Amino acid sequence: MLEFCHVRIYNHDMELHTSYIITGPTASGKSDFAHRLACRVNGTIINCDSVQIYRGIENISASPFAGRPISDEIDGVPYRLFSILDLSDQISVAEYLNMARREYDAARGAGRVPIFVGGTGYYINALVNGISPMPDVSPENRARAREMVATDIKSVRDLLPPDFTATDPQRVARALEVFLQSGRHLTQWWQVPRVGAITPRPYQILINPPSDIVRAKIAARIPKMLDGGAMDEARYVIANNWDVCRAIGAEQLCAYLCGEISMDECIHNWIVKTNQYAKRQRTWFRTQFAADIEIKNPNDF
């Protein structure tokens, strides 16, 4: 069946595409599909998931490296930008895009096909459309912004314009640090023409199984995450004072470890939150992602 997949993702003159973006809702099977594609087309897998980029939470993030040693390859396929940051590290979309472009260039230079894989919409948007140029932020303003967000995020929100609607503390801190550095709001910088997109545009593959199949896979994989060491990863999150809201699973497990909920509630909440996230992802793919091909059952390819 892989041969059929190989034909479908070629263009009309049967030439390989320069690069690919493979995305889909969580638990859709995009990682396995990407690996099979990489084996077929001499590909390099490049992460575009904002949680899998962190080290020490591979089970919670459903990383390809969950249950296996962290390495720069899996079964001979190069893997890049997975488990490269400590939980204490911060990364902006601009910094991610710079790293992703370097890995893209390195893969191309090695004669390999770059295959971006992940479900983080703002990373994918940066790869496809580029980002608005912004000033470099000094370490002092970056630290000041994060301290202000940690101390009183509500007051920080009042400093930001109404059209900035993000609520994630990391993104709020990013908006604040840009304002502190430049005196201009992030939303004003967004109006500046974008730069840095991958060109030519990667061929875009959406792995999008029916929602009932994804729900079943989500429910089935959480016990496997627990067996794989997710609880120890949650203890690591607590020890590093990481913002648990940034990773579904971390929030629920940490609440259990702190005695706030039972294990049954932990698992239930984890499943519910993951399903809600998958629904939000589907909405983004439907409205913001122009797939060249949509695959309902990746196992058929």
# chains A, B, ... in the order shown; residues from 1 in each chain; ligands from 1
>>> residues_around(residues="Gln252 of chain A", least_positions_apart="5", cutoff="10 Å", atoms="only C-alpha atoms", output="PyMOL selection string")
chain A and resi 234+244-245+247+257-258+260-263+265-271+273
>>> write_last_selection(atoms="N, CA, C and O atoms", output="compact mmCIF listing (two decimals), in the first residue's frame")
# COMPACT_ATOMS: atom_id res chain seq x y z
N ALA A 234 5.87 14.15 34.80
CA ALA A 234 5.12 15.17 35.52
C ALA A 234 5.87 15.63 36.77
O ALA A 234 5.87 16.82 37.11
N VAL A 244 2.45 24.17 33.54
CA VAL A 244 1.79 22.91 33.18
C VAL A 244 0.70 23.11 32.14
O VAL A 244 0.31 22.16 31.45
N CYS A 245 0.22 24.34 31.99
CA CYS A 245 -0.84 24.59 31.01
C CYS A 245 -0.35 24.48 29.58
O CYS A 245 -1.14 24.46 28.64
N ALA A 247 1.14 21.95 28.23
CA ALA A 247 1.08 20.58 27.69
C ALA A 247 -0.07 19.83 28.33
O ALA A 247 -0.10 19.64 29.55
N LEU A 257 -0.69 14.62 41.27
CA LEU A 257 0.46 14.52 42.17
C LEU A 257 0.36 15.49 43.34
O LEU A 257 0.88 15.22 44.43
N CYS A 258 -0.30 16.61 43.11
CA CYS A 258 -0.48 17.61 44.18
C CYS A 258 -1.70 17.31 45.05
O CYS A 258 -2.03 18.09 45.95
N GLU A 260 -4.87 17.19 44.17
CA GLU A 260 -6.05 18.00 43.86
C GLU A 260 -7.17 17.18 43.22
O GLU A 260 -8.34 17.54 43.33
N ILE A 261 -6.81 16.09 42.53
CA ILE A 261 -7.80 15.23 41.88
C ILE A 261 -7.37 13.78 42.02
O ILE A 261 -6.21 13.48 42.31
N SER A 262 -8.33 12.87 41.81
CA SER A 262 -8.02 11.44 41.85
C SER A 262 -7.42 11.00 40.52
O SER A 262 -7.46 11.74 39.53
N MET A 263 -6.90 9.77 40.48
CA MET A 263 -6.35 9.25 39.24
C MET A 263 -7.45 9.10 38.18
O MET A 263 -7.22 9.39 37.00
N GLU A 265 -10.11 10.92 37.88
CA GLU A 265 -10.39 12.27 37.38
C GLU A 265 -9.26 12.76 36.47
O GLU A 265 -9.51 13.42 35.46
N CYS A 266 -8.05 12.43 36.85
CA CYS A 266 -6.89 12.81 36.04
C CYS A 266 -7.01 12.26 34.62
O CYS A 266 -6.89 13.00 33.64
N ILE A 267 -7.28 10.98 34.50
CA ILE A 267 -7.38 10.35 33.19
C ILE A 267 -8.58 10.90 32.42
O ILE A 267 -8.48 11.20 31.22
N HIS A 268 -9.70 11.05 33.11
CA HIS A 268 -10.90 11.59 32.45
C HIS A 268 -10.63 13.00 31.91
O HIS A 268 -10.94 13.30 30.74
N ASN A 269 -10.07 13.86 32.75
CA ASN A 269 -9.80 15.23 32.32
C ASN A 269 -8.78 15.28 31.19
O ASN A 269 -8.89 16.11 30.27
N TRP A 270 -7.81 14.41 31.26
CA TRP A 270 -6.78 14.33 30.22
C TRP A 270 -7.42 13.98 28.87
O TRP A 270 -7.13 14.61 27.85
N ILE A 271 -8.30 12.99 28.89
CA ILE A 271 -8.98 12.59 27.65
C ILE A 271 -9.85 13.73 27.12
O ILE A 271 -9.83 14.05 25.92
N LYS A 273 -9.65 17.02 27.67
CA LYS A 273 -8.85 18.15 27.19
C LYS A 273 -8.18 17.83 25.85
O LYS A 273 -8.07 18.68 24.97
>>> select_by_dssp(residues="segment 201-236 of chain A", states="helix (DSSP H, G or I)", output="ChimeraX atom specification")
/A:211-228,230-236
>>> write_last_selection(atoms="C-alpha atoms", output="CSV table (one decimal), in the first residue's frame")
chain,number,residue,atom,x,y,z
A,211,SER,CA,-13.3,12.2,14.8
A,212,ASP,CA,-14.6,8.9,16.4
A,213,ILE,CA,-11.4,7.1,15.4
A,214,VAL,CA,-9.2,9.9,16.9
A,215,ARG,CA,-11.2,9.9,20.1
A,216,ALA,CA,-10.7,6.1,20.4
A,217,LYS,CA,-7.0,6.5,19.8
A,218,ILE,CA,-6.7,9.3,22.4
A,219,ALA,CA,-8.4,7.1,25.0
A,220,ALA,CA,-6.2,4.1,24.2
A,221,ARG,CA,-2.9,5.9,24.2
A,222,ILE,CA,-3.1,7.6,27.6
A,223,PRO,CA,-2.6,4.3,29.6
A,224,LYS,CA,0.4,3.6,27.4
A,225,MET,CA,1.8,7.1,28.2
A,226,LEU,CA,1.4,6.3,31.9
A,227,ASP,CA,3.1,3.0,31.5
A,228,GLY,CA,5.9,4.7,29.5
A,230,ALA,CA,4.5,10.1,32.0
A,231,MET,CA,4.1,10.2,35.8
A,232,ASP,CA,7.9,10.6,36.3
A,233,GLU,CA,7.8,13.3,33.6
A,234,ALA,CA,5.1,15.2,35.5
A,235,ARG,CA,7.3,15.1,38.6
A,236,TYR,CA,10.1,16.5,36.4
>>> residues_around(residues="segment 86-96 of chain A", least_positions_apart="4", cutoff="10 Å", atoms="only C-alpha atoms", output="ChimeraX atom specification")
/A:47-48,50-51,53-57,81,100-102,122-127,130-134,136,142,146,170-171,174,196,236-237,240-243
>>> residues_around(residues="segment 147-156 of chain A", least_positions_apart="3", cutoff="7 Å", atoms="only C-alpha atoms", output="count of residues only")
6
>>> atom_distance(atom1="atom CA of Pro114 of chain A", atom2="atom CA of Tyr20 of chain A")
6.5 Å
>>> residues_around(residues="Cys39 of chain A", least_positions_apart="5", cutoff="10 Å", atoms="only C-alpha atoms", output="number ranges by chain")
A: 34, 44, 75-77
>>> atom_distance(atom1="atom CA of Ile60 of chain A", atom2="atom CA of Phe116 of chain A")
20.4 Å
>>> atom_distance(atom1="atom CA of Arg246 of chain A", atom2="atom CA of Asp168 of chain A")
7.6 Å
>>> closest_residue(among="A:Asp158, A:Asp292, A:Glu140, A:Asp264", to="Pro202 of chain A", atoms="only C-alpha atoms")
A:Asp292
>>> closest_residue(among="A:Ala106, A:Cys254, A:Ile22, A:Ala66", to="Asp49 of chain A", atoms="only C-alpha atoms")
A:Ile22
>>> closest_residue(among="A:Val128, A:Ala278, A:Ala38, A:Ile70", to="Gln52 of chain A", atoms="only C-alpha atoms")
A:Ile70
>>> residues_around(residues="Asp105 of chain A", least_positions_apart="3", cutoff="12 Å", atoms="only C-alpha atoms", output="list in words")
Thr18, Ser19, Thr44, Ile46, Asn98, Met99, Ala100, Arg101, Arg102, Arg108, Gly109, Ala110, Gly111, Arg112, Val113, Pro114, Ile115, Ile198 and Thr199 of chain A
